[in-house]
Amino acid sequence: MRVVIAEDLFLLRDGLAHLLRDHGFDVVAAVDNGPALLHALRTDAPDVAVVDIRLPPSFTDEGLQAALAARRNRPGLPVLLLSQYVEQLYARELLADQAGAVGYLLKDRVSDADRFVDAVRQVASGGTVLDPHVISRLLVRNTARGTVDALTERERDVLALMAEGRSNSAISQRLHISESAVTKHTASIFTKLDLPLSGDDNRRVLAVLAYLNR
């Protein structure tokens with residue numbers, strides 16, 4: 001699996017490259033700025049990109065903007081964002097095209113090697129992965145409004161785990177309920193959020209987007 005890494009800190013960039021190589025990934029480029037990232041995304045045909053949101057030269061959102069530009073040229077390009085900060089706008093912008101294959105992790109979670117590698121694989125396979133800390137902080141910052149307010153407490157629990165990229169089986173294990181119960185809760189979430197019939201993966205992305213837009 002071909003990976004492009006964009007991180008301005010050399011030690012972290014080098015560490016990510018070694019970690020992914022050790023787990024069988026082919027790191028085709030490891031860059032430290034926005035223009036170099038956009039070039040690598042367009043020319044190296046990666047299967048997934050691991051991208052620091054804030055890159056030189058301005059350290060604002062060069063990484064995010066390069067990823068968005070690359071996804072406009074190649075819809076659904078898998079991108080896992082890394083950040084030191086929780087910014088709702090960043091996650092929402094990347095999810096807005098509803099193509100899935102996106103993730104958002106806080107950098108301090110990268111120290112959990114197994115979870116990080118699993119997140120890269122989930123995103124590369126088309127999944128949506130949000131760091132639990134991102135979700136919890138977004139919950140604190142936002143008040144419930146609109147259709148999400150119609151969800152029960154259990155449905156909110158299911159949706160939060162869905163936003164982490166967890167499968168129905170994993171959700172059932174975490175919440176100690178049957179997988180059939182998770183399926184019923186998921187169907188209820190889709191109905192209450194007025195999500196049209198389509199592929200289940202796409203509706204999960206739409207549900208997470210509604211969750212972030214509260």
# chains A, B, ... in the order shown; residues from 1 in each chain; ligands from 1
>>> select_by_dssp(residues="region 27-199 of chain A", states="strand (DSSP E or B)", output="ChimeraX atom specification")
/A:27-31,48-52,79-83,102-106,128-130
>>> residues_around(residues="Ala113 (chain A)", least_positions_apart="3", cutoff="10 Å", atoms="only C-alpha atoms", output="MDAnalysis selection string")
chainID A and resid 16 19:20 23 109:110 116:119
>>> closest_residue(among="A:Ala6, A:Ala160, A:Ala30, A:Leu175", to="Ile189 (chain A)", atoms="only C-alpha atoms")
A:Ala160
>>> atom_distance(atom1="CA of Leu38 (chain A)", atom2="CA of Gly63 (chain A)")
8.5 Å
>>> closest_residue(among="A:Thr43, A:Asn33, A:Ser178, A:Gln84", to="Gln65 (chain A)", atoms="only C-alpha atoms")
A:Asn33
>>> closest_residue(among="A:Leu151, A:Ala163, A:Leu82, A:Leu55", to="Gly127 (chain A)", atoms="only C-alpha atoms")
A:Ala163
>>> closest_residue(among="A:Ala96, A:Tyr104, A:Ala181, A:Phe59", to="Ala207 (chain A)", atoms="only C-alpha atoms")
A:Ala96
